[in-house]
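start-v2.pdb (PDB, C-alpha atoms, pLDDT in the B column)
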```pdb
MODEL        1
ATOM      1  CA  MET A 138      55.450 -57.945  19.016  1.00 57.00           C
ATOM      2  CA  ARG A 139      53.290 -59.142  16.148  1.00 61.00           C
ATOM      3  CA  ALA A 140      53.872 -62.823  15.440  1.00 58.00           C
ATOM      4  CA  ASP A 141      54.337 -62.088  11.738  1.00 68.00           C
ATOM      5  CA  ALA A 142      56.247 -58.837  12.176  1.00 84.00           C
ATOM      6  CA  MET A 143      58.713 -57.705   9.547  1.00 96.00           C
ATOM      7  CA  ILE A 144      59.811 -54.202   8.588  1.00 98.00           C
ATOM      8  CA  VAL A 145      60.489 -53.625   4.896  1.00 98.00           C
ATOM      9  CA  LEU A 146      62.417 -50.596   3.651  1.00 98.00           C
ATOM     10  CA  PHE A 147      61.285 -48.828   0.478  1.00 98.00           C
ATOM     11  CA  THR A 148      63.242 -45.597   0.007  1.00 98.00           C
ATOM     12  CA  ASP A 149      65.099 -43.448  -2.493  1.00 98.00           C
ATOM     13  CA  PHE A 150      68.002 -42.911  -0.074  1.00 98.00           C
ATOM     14  CA  GLY A 151      70.592 -44.900  -1.998  1.00 96.00           C
ATOM     15  CA  LEU A 152      73.216 -47.092  -0.365  1.00 93.00           C
ATOM     16  CA  HIS A 153      76.061 -44.576  -0.617  1.00 94.00           C
ATOM     17  CA  GLY A 154      76.072 -42.438   2.484  1.00 95.00           C
ATOM     18  CA  PRO A 155      74.633 -42.685   5.978  1.00 97.00           C
ATOM     19  CA  TYR A 156      70.872 -42.527   5.449  1.00 98.00           C
ATOM     20  CA  VAL A 157      69.826 -46.192   5.309  1.00 98.00           C
ATOM     21  CA  GLY A 158      72.230 -47.013   8.131  1.00 98.00           C
ATOM     22  CA  GLN A 159      70.787 -44.315  10.365  1.00 98.00           C
ATOM     23  CA  VAL A 160      67.231 -45.493   9.710  1.00 98.00           C
ATOM     24  CA  LYS A 161      68.214 -49.073  10.534  1.00 98.00           C
ATOM     25  CA  ALA A 162      69.865 -47.913  13.745  1.00 98.00           C
ATOM     26  CA  VAL A 163      66.581 -46.384  14.881  1.00 98.00           C
ATOM     27  CA  LEU A 164      64.661 -49.540  13.956  1.00 98.00           C
ATOM     28  CA  HIS A 165      67.144 -51.656  15.906  1.00 98.00           C
ATOM     29  CA  ARG A 166      66.830 -49.377  18.913  1.00 98.00           C
ATOM     30  CA  GLU A 167      63.026 -49.345  18.897  1.00 98.00           C
ATOM     31  CA  ALA A 168      62.335 -52.909  17.688  1.00 97.00           C
ATOM     32  CA  PRO A 169      65.527 -54.961  18.169  1.00 96.00           C
ATOM     33  CA  ASP A 170      63.874 -58.370  17.714  1.00 95.00           C
ATOM     34  CA  ILE A 171      62.098 -57.594  14.444  1.00 97.00           C
ATOM     35  CA  ALA A 172      63.626 -58.454  11.078  1.00 97.00           C
ATOM     36  CA  VAL A 173      64.372 -55.578   8.700  1.00 98.00           C
ATOM     37  CA  VAL A 174      64.320 -56.358   4.987  1.00 98.00           C
ATOM     38  CA  ASP A 175      65.840 -54.091   2.340  1.00 97.00           C
ATOM     39  CA  LEU A 176      63.482 -53.946  -0.642  1.00 98.00           C
ATOM     40  CA  PHE A 177      64.385 -50.722  -2.480  1.00 98.00           C
ATOM     41  CA  ALA A 178      66.986 -48.127  -1.537  1.00 98.00           C
ATOM     42  CA  ASP A 179      66.894 -46.794  -5.089  1.00 97.00           C
ATOM     43  CA  ALA A 180      63.223 -46.064  -5.670  1.00 98.00           C
ATOM     44  CA  PRO A 181      62.763 -43.258  -8.232  1.00 98.00           C
ATOM     45  CA  VAL A 182      64.503 -40.323  -6.595  1.00 98.00           C
ATOM     46  CA  GLY A 183      62.132 -37.599  -5.430  1.00 98.00           C
ATOM     47  CA  ASN A 184      59.362 -39.150  -7.526  1.00 98.00           C
ATOM     48  CA  PRO A 185      56.435 -40.416  -5.429  1.00 98.00           C
ATOM     49  CA  ARG A 186      54.280 -40.827  -8.550  1.00 98.00           C
ATOM     50  CA  ALA A 187      56.521 -43.376 -10.247  1.00 98.00           C
ATOM     51  CA  SER A 188      57.308 -44.959  -6.890  1.00 98.00           C
ATOM     52  CA  ALA A 189      53.613 -45.488  -6.127  1.00 98.00           C
ATOM     53  CA  TYR A 190      53.231 -48.014  -8.957  1.00 98.00           C
ATOM     54  CA  LEU A 191      56.437 -49.787  -8.000  1.00 98.00           C
ATOM     55  CA  LEU A 192      55.396 -49.981  -4.346  1.00 98.00           C
ATOM     56  CA  ALA A 193      51.957 -51.415  -5.147  1.00 98.00           C
ATOM     57  CA  ALA A 194      53.460 -54.199  -7.260  1.00 98.00           C
ATOM     58  CA  TYR A 195      56.205 -55.193  -4.848  1.00 98.00           C
ATOM     59  CA  ALA A 196      54.351 -54.777  -1.550  1.00 97.00           C
ATOM     60  CA  ALA A 197      51.882 -57.440  -2.658  1.00 94.00           C
ATOM     61  CA  TRP A 198      54.700 -59.990  -2.338  1.00 93.00           C
ATOM     62  CA  PHE A 199      54.798 -59.588   1.460  1.00 96.00           C
ATOM     63  CA  PRO A 200      52.349 -61.199   3.888  1.00 96.00           C
ATOM     64  CA  ALA A 201      49.745 -59.456   5.976  1.00 95.00           C
ATOM     65  CA  GLY A 202      51.319 -58.042   9.108  1.00 96.00           C
ATOM     66  CA  THR A 203      54.324 -56.640   7.280  1.00 97.00           C
ATOM     67  CA  VAL A 204      55.194 -53.014   8.037  1.00 98.00           C
ATOM     68  CA  LEU A 205      56.560 -51.157   5.027  1.00 98.00           C
ATOM     69  CA  LEU A 206      58.591 -48.067   5.857  1.00 98.00           C
ATOM     70  CA  CYS A 207      58.280 -46.001   2.680  1.00 98.00           C
ATOM     71  CA  VAL A 208      60.147 -42.752   2.196  1.00 98.00           C
ATOM     72  CA  VAL A 209      60.193 -40.965  -1.144  1.00 98.00           C
ATOM     73  CA  ASP A 210      59.648 -37.517   0.220  1.00 98.00           C
ATOM     74  CA  PRO A 211      60.688 -34.470  -1.814  1.00 97.00           C
ATOM     75  CA  GLY A 212      58.354 -32.352   0.326  1.00 96.00           C
ATOM     76  CA  VAL A 213      59.959 -33.325   3.631  1.00 97.00           C
ATOM     77  CA  GLY A 214      59.487 -30.607   6.221  1.00 93.00           C
ATOM     78  CA  GLY A 215      56.613 -29.082   4.242  1.00 95.00           C
ATOM     79  CA  THR A 216      52.849 -29.379   4.381  1.00 94.00           C
ATOM     80  CA  ARG A 217      52.408 -32.975   3.192  1.00 96.00           C
ATOM     81  CA  PRO A 218      50.958 -35.059   6.030  1.00 96.00           C
ATOM     82  CA  PRO A 219      52.752 -37.985   7.693  1.00 97.00           C
ATOM     83  CA  LEU A 220      50.576 -41.088   7.397  1.00 98.00           C
ATOM     84  CA  VAL A 221      50.012 -44.652   8.448  1.00 98.00           C
ATOM     85  CA  VAL A 222      47.988 -46.659   5.936  1.00 98.00           C
ATOM     86  CA  GLU A 223      46.663 -50.172   6.491  1.00 98.00           C
ATOM     87  CA  GLY A 224      45.738 -52.068   3.343  1.00 97.00           C
ATOM     88  CA  ASP A 225      44.689 -55.720   3.365  1.00 96.00           C
ATOM     89  CA  GLY A 226      46.619 -56.307   6.580  1.00 96.00           C
ATOM     90  CA  ARG A 227      49.871 -54.673   5.475  1.00 97.00           C
ATOM     91  CA  TRP A 228      50.993 -51.470   7.152  1.00 98.00           C
ATOM     92  CA  TYR A 229      52.585 -48.527   5.338  1.00 98.00           C
ATOM     93  CA  VAL A 230      54.321 -45.629   7.063  1.00 98.00           C
ATOM     94  CA  GLY A 231      55.489 -42.538   5.198  1.00 98.00           C
ATOM     95  CA  PRO A 232      54.560 -39.238   3.594  1.00 98.00           C
ATOM     96  CA  GLY A 233      51.088 -38.466   2.287  1.00 97.00           C
ATOM     97  CA  ASN A 234      52.267 -37.262  -1.106  1.00 97.00           C
ATOM     98  CA  GLY A 235      50.664 -39.874  -3.353  1.00 97.00           C
ATOM     99  CA  LEU A 236      53.174 -42.608  -2.540  1.00 98.00           C
ATOM    100  CA  PHE A 237      50.378 -44.843  -1.202  1.00 98.00           C
ATOM    101  CA  GLU A 238      47.809 -43.996  -3.892  1.00 98.00           C
ATOM    102  CA  GLN A 239      48.001 -47.246  -5.844  1.00 98.00           C
ATOM    103  CA  VAL A 240      48.224 -49.380  -2.706  1.00 98.00           C
ATOM    104  CA  ARG A 241      45.008 -47.817  -1.459  1.00 97.00           C
ATOM    105  CA  ARG A 242      43.212 -48.241  -4.778  1.00 97.00           C
ATOM    106  CA  ARG A 243      44.106 -51.900  -5.154  1.00 97.00           C
ATOM    107  CA  ALA A 244      43.457 -53.012  -1.585  1.00 97.00           C
ATOM    108  CA  ILE A 245      40.084 -54.491  -0.756  1.00 96.00           C
ATOM    109  CA  LYS A 246      40.019 -52.685   2.574  1.00 95.00           C
ATOM    110  CA  THR A 247      42.050 -49.701   3.717  1.00 96.00           C
ATOM    111  CA  ARG A 248      42.310 -47.400   6.694  1.00 96.00           C
ATOM    112  CA  CYS A 249      44.442 -44.289   7.138  1.00 97.00           C
ATOM    113  CA  TRP A 250      45.744 -42.331  10.104  1.00 98.00           C
ATOM    114  CA  ASP A 251      47.415 -38.957  10.441  1.00 97.00           C
ATOM    115  CA  ILE A 252      50.519 -39.393  12.594  1.00 98.00           C
ATOM    116  CA  ASP A 253      50.297 -36.927  15.472  1.00 96.00           C
ATOM    117  CA  TRP A 254      53.182 -38.360  17.520  1.00 97.00           C
ATOM    118  CA  ARG A 255      56.411 -36.376  17.427  1.00 97.00           C
ATOM    119  CA  PRO A 256      59.851 -37.329  18.751  1.00 96.00           C
ATOM    120  CA  GLU A 257      61.781 -35.161  21.152  1.00 95.00           C
ATOM    121  CA  TYR A 258      63.970 -34.116  18.219  1.00 96.00           C
ATOM    122  CA  LEU A 259      62.573 -33.849  14.691  1.00 97.00           C
ATOM    123  CA  SER A 260      64.961 -32.592  12.062  1.00 97.00           C
ATOM    124  CA  ALA A 261      63.541 -30.553   9.197  1.00 96.00           C
ATOM    125  CA  SER A 262      65.011 -32.767   6.491  1.00 97.00           C
ATOM    126  CA  PHE A 263      65.152 -36.377   7.752  1.00 98.00           C
ATOM    127  CA  HIS A 264      61.673 -37.480   8.780  1.00 98.00           C
ATOM    128  CA  GLY A 265      62.518 -40.983   7.539  1.00 98.00           C
ATOM    129  CA  ARG A 266      64.883 -41.396  10.489  1.00 98.00           C
ATOM    130  CA  ASP A 267      63.254 -39.196  13.117  1.00 98.00           C
ATOM    131  CA  LEU A 268      59.518 -39.761  12.564  1.00 98.00           C
ATOM    132  CA  PHE A 269      58.679 -42.578  10.184  1.00 98.00           C
ATOM    133  CA  ALA A 270      61.207 -45.145  11.460  1.00 98.00           C
ATOM    134  CA  PRO A 271      60.058 -44.969  15.099  1.00 98.00           C
ATOM    135  CA  VAL A 272      56.408 -45.157  14.065  1.00 98.00           C
ATOM    136  CA  ALA A 273      57.102 -48.187  11.868  1.00 98.00           C
ATOM    137  CA  ALA A 274      58.816 -49.835  14.840  1.00 98.00           C
ATOM    138  CA  PHE A 275      55.870 -49.056  17.137  1.00 98.00           C
ATOM    139  CA  ILE A 276      53.440 -50.719  14.747  1.00 97.00           C
ATOM    140  CA  ALA A 277      55.695 -53.727  14.211  1.00 97.00           C
ATOM    141  CA  ARG A 278      55.795 -54.130  18.003  1.00 96.00           C
ATOM    142  CA  GLY A 279      52.014 -54.391  17.976  1.00 96.00           C
ATOM    143  CA  GLU A 280      51.129 -50.868  19.095  1.00 96.00           C
ATOM    144  CA  PRO A 281      48.247 -48.965  17.457  1.00 96.00           C
ATOM    145  CA  PRO A 282      49.019 -46.186  14.974  1.00 97.00           C
ATOM    146  CA  PRO A 283      49.993 -43.071  16.961  1.00 97.00           C
ATOM    147  CA  GLY A 284      47.416 -40.707  15.513  1.00 96.00           C
ATOM    148  CA  VAL A 285      43.833 -40.149  14.469  1.00 96.00           C
ATOM    149  CA  MET A 286      41.868 -41.568  11.564  1.00 95.00           C
ATOM    150  CA  ARG A 287      42.201 -39.343   8.516  1.00 93.00           C
ATOM    151  CA  GLN A 288      38.914 -37.627   7.696  1.00 85.00           C
ATOM    152  CA  ASP A 289      39.625 -35.986   4.335  1.00 85.00           C
ATOM    153  CA  MET A 290      41.032 -37.014   0.966  1.00 88.00           C
ATOM    154  CA  GLU A 291      43.563 -34.218   0.469  1.00 85.00           C
ATOM    155  CA  ASP A 292      46.462 -36.681   0.342  1.00 90.00           C
ATOM    156  CA  ARG A 293      44.892 -38.662  -2.535  1.00 95.00           C
ATOM    157  CA  ARG A 294      45.733 -38.308  -6.239  1.00 97.00           C
ATOM    158  CA  PRO A 295      42.528 -39.026  -8.194  1.00 96.00           C
ATOM    159  CA  ASP A 296      44.078 -37.721 -11.421  1.00 97.00           C
ATOM    160  CA  TRP A 297      46.765 -40.423 -11.481  1.00 98.00           C
ATOM    161  CA  PRO A 298      45.864 -43.368 -13.750  1.00 98.00           C
ATOM    162  CA  ASP A 299      45.313 -46.867 -12.388  1.00 98.00           C
ATOM    163  CA  ASP A 300      48.261 -48.049 -14.500  1.00 98.00           C
ATOM    164  CA  LEU A 301      51.093 -45.843 -15.701  1.00 98.00           C
ATOM    165  CA  LEU A 302      52.347 -46.132 -19.276  1.00 98.00           C
ATOM    166  CA  GLU A 303      55.808 -44.914 -18.361  1.00 98.00           C
ATOM    167  CA  ILE A 304      59.100 -46.349 -17.203  1.00 98.00           C
ATOM    168  CA  VAL A 305      59.128 -46.289 -13.393  1.00 98.00           C
ATOM    169  CA  TYR A 306      62.387 -48.114 -12.622  1.00 98.00           C
ATOM    170  CA  ILE A 307      65.651 -49.184 -14.259  1.00 98.00           C
ATOM    171  CA  ASP A 308      67.198 -52.208 -12.576  1.00 98.00           C
ATOM    172  CA  HIS A 309      70.851 -53.226 -12.182  1.00 96.00           C
ATOM    173  CA  PHE A 310      70.776 -55.032 -15.538  1.00 97.00           C
ATOM    174  CA  GLY A 311      69.297 -52.126 -17.497  1.00 98.00           C
ATOM    175  CA  ASN A 312      65.819 -53.626 -17.706  1.00 98.00           C
ATOM    176  CA  ALA A 313      63.078 -51.007 -17.705  1.00 98.00           C
ATOM    177  CA  MET A 314      59.988 -51.600 -15.596  1.00 98.00           C
ATOM    178  CA  THR A 315      56.743 -49.828 -16.406  1.00 98.00           C
ATOM    179  CA  GLY A 316      53.826 -48.927 -14.173  1.00 98.00           C
ATOM    180  CA  LEU A 317      51.554 -51.157 -16.251  1.00 98.00           C
ATOM    181  CA  ARG A 318      50.309 -54.518 -14.987  1.00 98.00           C
ATOM    182  CA  ALA A 319      50.983 -57.164 -17.603  1.00 97.00           C
ATOM    183  CA  ALA A 320      47.708 -58.970 -16.874  1.00 96.00           C
ATOM    184  CA  LEU A 321      45.886 -56.080 -18.545  1.00 96.00           C
ATOM    185  CA  LEU A 322      47.545 -56.768 -21.921  1.00 95.00           C
ATOM    186  CA  PRO A 323      46.852 -59.581 -24.373  1.00 89.00           C
ATOM    187  CA  PRO A 324      49.877 -61.902 -24.680  1.00 79.00           C
ATOM    188  CA  ARG A 325      50.709 -60.781 -28.220  1.00 88.00           C
ATOM    189  CA  ALA A 326      50.314 -57.053 -27.637  1.00 96.00           C
ATOM    190  CA  ARG A 327      52.985 -54.823 -29.104  1.00 97.00           C
ATOM    191  CA  LEU A 328      54.412 -51.818 -27.301  1.00 98.00           C
ATOM    192  CA  ALA A 329      56.216 -48.735 -28.572  1.00 98.00           C
ATOM    193  CA  ALA A 330      59.110 -47.448 -26.490  1.00 98.00           C
ATOM    194  CA  GLY A 331      62.365 -45.710 -27.273  1.00 96.00           C
ATOM    195  CA  GLY A 332      61.422 -45.339 -30.933  1.00 95.00           C
ATOM    196  CA  ARG A 333      60.967 -49.098 -31.347  1.00 96.00           C
ATOM    197  CA  VAL A 334      57.944 -51.389 -31.594  1.00 97.00           C
ATOM    198  CA  LEU A 335      58.392 -54.365 -29.288  1.00 97.00           C
ATOM    199  CA  GLY A 336      56.781 -57.764 -29.269  1.00 96.00           C
ATOM    200  CA  SER A 337      56.398 -59.943 -26.212  1.00 96.00           C
ATOM    201  CA  ALA A 338      58.318 -62.938 -24.936  1.00 96.00           C
ATOM    202  CA  MET A 339      57.987 -65.251 -21.958  1.00 94.00           C
ATOM    203  CA  THR A 340      61.627 -64.841 -20.965  1.00 94.00           C
ATOM    204  CA  PHE A 341      65.031 -63.702 -22.216  1.00 95.00           C
ATOM    205  CA  SER A 342      66.063 -66.921 -23.931  1.00 94.00           C
ATOM    206  CA  ASP A 343      62.981 -66.740 -26.164  1.00 95.00           C
ATOM    207  CA  ARG A 344      64.720 -63.991 -28.129  1.00 96.00           C
ATOM    208  CA  PRO A 345      68.168 -63.951 -29.788  1.00 96.00           C
ATOM    209  CA  PRO A 346      71.012 -61.954 -28.250  1.00 97.00           C
ATOM    210  CA  GLY A 347      70.536 -58.237 -28.844  1.00 96.00           C
ATOM    211  CA  ALA A 348      66.772 -58.478 -29.403  1.00 97.00           C
ATOM    212  CA  ALA A 349      64.511 -56.065 -27.539  1.00 97.00           C
ATOM    213  CA  PHE A 350      61.129 -57.219 -26.202  1.00 97.00           C
ATOM    214  CA  TRP A 351      58.672 -56.831 -23.371  1.00 97.00           C
ATOM    215  CA  TYR A 352      57.653 -59.467 -20.865  1.00 97.00           C
ATOM    216  CA  GLU A 353      55.757 -59.892 -17.613  1.00 97.00           C
ATOM    217  CA  ASN A 354      58.292 -59.620 -14.845  1.00 97.00           C
ATOM    218  CA  SER A 355      58.282 -61.667 -11.662  1.00 96.00           C
ATOM    219  CA  ASN A 356      56.077 -59.130  -9.892  1.00 96.00           C
ATOM    220  CA  GLY A 357      53.488 -58.739 -12.624  1.00 97.00           C
ATOM    221  CA  LEU A 358      54.688 -55.541 -14.283  1.00 98.00           C
ATOM    222  CA  VAL A 359      55.391 -55.014 -17.969  1.00 98.00           C
ATOM    223  CA  GLU A 360      59.157 -54.831 -18.294  1.00 98.00           C
ATOM    224  CA  ILE A 361      61.249 -53.953 -21.340  1.00 98.00           C
ATOM    225  CA  ALA A 362      64.503 -55.813 -21.849  1.00 98.00           C
ATOM    226  CA  VAL A 363      67.230 -56.645 -24.345  1.00 98.00           C
ATOM    227  CA  ASN A 364      68.565 -60.185 -24.278  1.00 97.00           C
ATOM    228  CA  GLN A 365      72.209 -59.990 -23.149  1.00 96.00           C
ATOM    229  CA  GLY A 366      72.042 -56.203 -23.353  1.00 97.00           C
ATOM    230  CA  ARG A 367      70.803 -53.124 -21.547  1.00 98.00           C
ATOM    231  CA  ALA A 368      67.398 -51.811 -22.592  1.00 98.00           C
ATOM    232  CA  ASP A 369      68.026 -48.440 -20.965  1.00 98.00           C
ATOM    233  CA  ARG A 370      71.093 -47.738 -23.118  1.00 98.00           C
ATOM    234  CA  GLU A 371      70.032 -49.414 -26.337  1.00 97.00           C
ATOM    235  CA  LEU A 372      66.553 -47.881 -26.402  1.00 98.00           C
ATOM    236  CA  GLY A 373      67.399 -44.643 -24.591  1.00 98.00           C
ATOM    237  CA  LEU A 374      64.984 -45.329 -21.737  1.00 98.00           C
ATOM    238  CA  ALA A 375      64.872 -43.576 -18.375  1.00 98.00           C
ATOM    239  CA  ILE A 376      62.379 -43.088 -15.588  1.00 98.00           C
ATOM    240  CA  GLY A 377      59.479 -41.157 -17.089  1.00 98.00           C
ATOM    241  CA  SER A 378      60.012 -42.385 -20.668  1.00 98.00           C
ATOM    242  CA  PRO A 379      56.595 -43.005 -22.267  1.00 98.00           C
ATOM    243  CA  VAL A 380      55.345 -46.385 -23.416  1.00 98.00           C
ATOM    244  CA  ASP A 381      52.448 -46.827 -25.833  1.00 97.00           C
ATOM    245  CA  ILE A 382      50.267 -49.830 -26.610  1.00 97.00           C
ATOM    246  CA  VAL A 383      50.396 -50.303 -30.385  1.00 94.00           C
ATOM    247  CA  SER A 384      48.136 -53.331 -30.728  1.00 78.00           C
TER
ENDMDL
END
```

Target encoding structure tokens, full file:
Amino acid sequence: MRADAMIVLFTDFGLHGPYVGQVKAVLHREAPDIAVVDLFADAPVGNPRASAYLLAAYAAWFPAGTVLLCVVDPGVGGTRPPLVVEGDGRWYVGPGNGLFEQVRRRAIKTRCWDIDWRPEYLSASFHGRDLFAPVAAFIARGEPPPGVMRQDMEDRRPDWPDDLLEIVYIDHFGNAMTGLRAALLPPRARLAAGGRVLGSAMTFSDRPPGAAFWYENSNGLVEIAVNQGRADRELGLAIGSPVDIVS
């Protein structure tokens, strides 16, 4: 077992129903002494593009040696390749559908493997449980990726921007995260979203109740909020809603 081993779940499975529980059961069976951390069970559903920007921002919070089991896989059972990606010491296991695009761009050093291991039983529709979970456990135990180094770039998405001027996630409080890193904006930049022009603030209490604004969230992304309100409802924002830089 790796001394710094931890398995982090990043999925769009939701918490209602059996899916996360079944994945955790496999992880417990294959790597019973390794901690499993729930990061996202509500990543943008069936949307690896939006999820890619979210994953890149939040994975950076975890130390080298972490294994991130990432499943946002609308093409499950199809032609997309199953991958292991290593970026700056973190390990990512999941579908090669663009989900790891931003991680690979932002890492100083990356490697990628095609997973050629297959379990005795592989369902057509639940590779997260049957394929990706066991492989994540193998790597967390200190085993090498079960496959060969990827030789082509067919899984990459060169047409996706480095930062995405769209809403990529709505949190429990109705705050709307974008795929844009706040460090790329001047502090007094104004953004247009939901038919409104928004100024910036350091935090919620810097604005009166009911005021909409943008701020740098705790993971470095531009986030749109309403103090003591829900930005999604009050501005009509949803995943995919565009955001523009006004000045």

To test your reading of the syntax: which residues would the PyMOL selection byres ((chain A and resi 152-154) around 12) return for the file shown? Reply as an MDAnalysis selection string.
chainID A and resid 148:151 155:160 175:180

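Using only C-alpha atoms, the smallest distance between any of A:Pro181, A:Pro324, A:Tyr195, A:Tyr229 and Gly377 in chain A comes from A:Pro181.
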
Once the PyMOL selection byres ((chain A and resi 320) around 9) is applied to the coordinates I shared, what remains selected? I want it as an MDAnalysis selection string.
chainID A and resid 317:319 321:324 353 357:359

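When CA of Val305 in chain A is paired with CA of Ala162 in chain A, their separation reads 29.2 Å.
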
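When only C-alpha atoms are used to compute distances to Pro200 in chain A, the closest of the residues A:Val221, A:Ile307, A:Met143, A:Val163 turns out to be A:Met143.
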
Residues matched by the PyMOL selection byres ((chain A and resi 248) around 10), written as a PDB file with C-alpha atoms, in the frame of the given file:
```pdb
ATOM      1  CA  VAL A 221      50.012 -44.652   8.448  1.00 98.00           C
ATOM      2  CA  VAL A 222      47.988 -46.659   5.936  1.00 98.00           C
ATOM      3  CA  GLU A 223      46.663 -50.172   6.491  1.00 98.00           C
ATOM      4  CA  GLY A 224      45.738 -52.068   3.343  1.00 97.00           C
ATOM      5  CA  ASP A 225      44.689 -55.720   3.365  1.00 96.00           C
ATOM      6  CA  GLY A 226      46.619 -56.307   6.580  1.00 96.00           C
ATOM      7  CA  TRP A 228      50.993 -51.470   7.152  1.00 98.00           C
ATOM      8  CA  ARG A 241      45.008 -47.817  -1.459  1.00 97.00           C
ATOM      9  CA  LYS A 246      40.019 -52.685   2.574  1.00 95.00           C
ATOM     10  CA  THR A 247      42.050 -49.701   3.717  1.00 96.00           C
ATOM     11  CA  CYS A 249      44.442 -44.289   7.138  1.00 97.00           C
ATOM     12  CA  TRP A 250      45.744 -42.331  10.104  1.00 98.00           C
ATOM     13  CA  MET A 286      41.868 -41.568  11.564  1.00 95.00           C
ATOM     14  CA  ARG A 287      42.201 -39.343   8.516  1.00 93.00           C
TER      15      ARG A 287
END
```

Extract range 139-155 of chain A from the structure I just pasted (atoms: N, CA and C atoms) and return it as a compact mmCIF listing (two decimals), in the first residue's frame.
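Generated file (part_27.txt):
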```txt
# COMPACT_ATOMS: atom_id res chain seq x y z
N ARG A 139 0.52 2.22 -0.79
CA ARG A 139 1.24 3.49 -0.78
C ARG A 139 1.06 4.16 0.58
N ALA A 140 2.16 4.75 1.08
CA ALA A 140 2.10 5.38 2.39
C ALA A 140 1.10 6.53 2.44
N ASP A 141 0.92 7.20 1.30
CA ASP A 141 0.03 8.36 1.24
C ASP A 141 -1.26 8.03 0.50
N ALA A 142 -1.65 6.78 0.50
CA ALA A 142 -2.79 6.35 -0.31
C ALA A 142 -4.10 6.92 0.20
N MET A 143 -4.92 7.32 -0.75
CA MET A 143 -6.28 7.79 -0.50
C MET A 143 -7.02 7.66 -1.82
N ILE A 144 -8.25 7.20 -1.79
CA ILE A 144 -9.06 7.12 -2.99
C ILE A 144 -10.16 8.17 -2.88
N VAL A 145 -10.27 9.01 -3.89
CA VAL A 145 -11.23 10.10 -3.90
C VAL A 145 -12.25 9.85 -5.00
N LEU A 146 -13.53 9.95 -4.66
CA LEU A 146 -14.59 9.70 -5.63
C LEU A 146 -15.08 11.00 -6.26
N PHE A 147 -15.08 11.02 -7.58
CA PHE A 147 -15.60 12.15 -8.36
C PHE A 147 -16.52 11.54 -9.41
N THR A 148 -17.84 11.60 -9.17
CA THR A 148 -18.79 10.96 -10.07
C THR A 148 -20.04 11.82 -10.24
N ASP A 149 -20.85 11.41 -11.20
CA ASP A 149 -22.17 12.03 -11.38
C ASP A 149 -23.28 11.06 -10.97
N PHE A 150 -22.96 10.11 -10.11
CA PHE A 150 -23.90 9.04 -9.76
C PHE A 150 -25.06 9.51 -8.89
N GLY A 151 -24.87 10.59 -8.14
CA GLY A 151 -25.87 10.98 -7.17
C GLY A 151 -25.81 10.09 -5.93
N LEU A 152 -26.46 10.54 -4.87
CA LEU A 152 -26.47 9.77 -3.63
C LEU A 152 -27.77 9.00 -3.43
N HIS A 153 -28.73 9.21 -4.30
CA HIS A 153 -29.99 8.46 -4.23
C HIS A 153 -29.86 7.23 -5.13
N GLY A 154 -29.94 6.07 -4.53
CA GLY A 154 -29.79 4.86 -5.31
C GLY A 154 -28.52 4.12 -4.93
N PRO A 155 -28.24 3.01 -5.59
CA PRO A 155 -27.21 2.09 -5.13
C PRO A 155 -25.80 2.35 -5.64
```
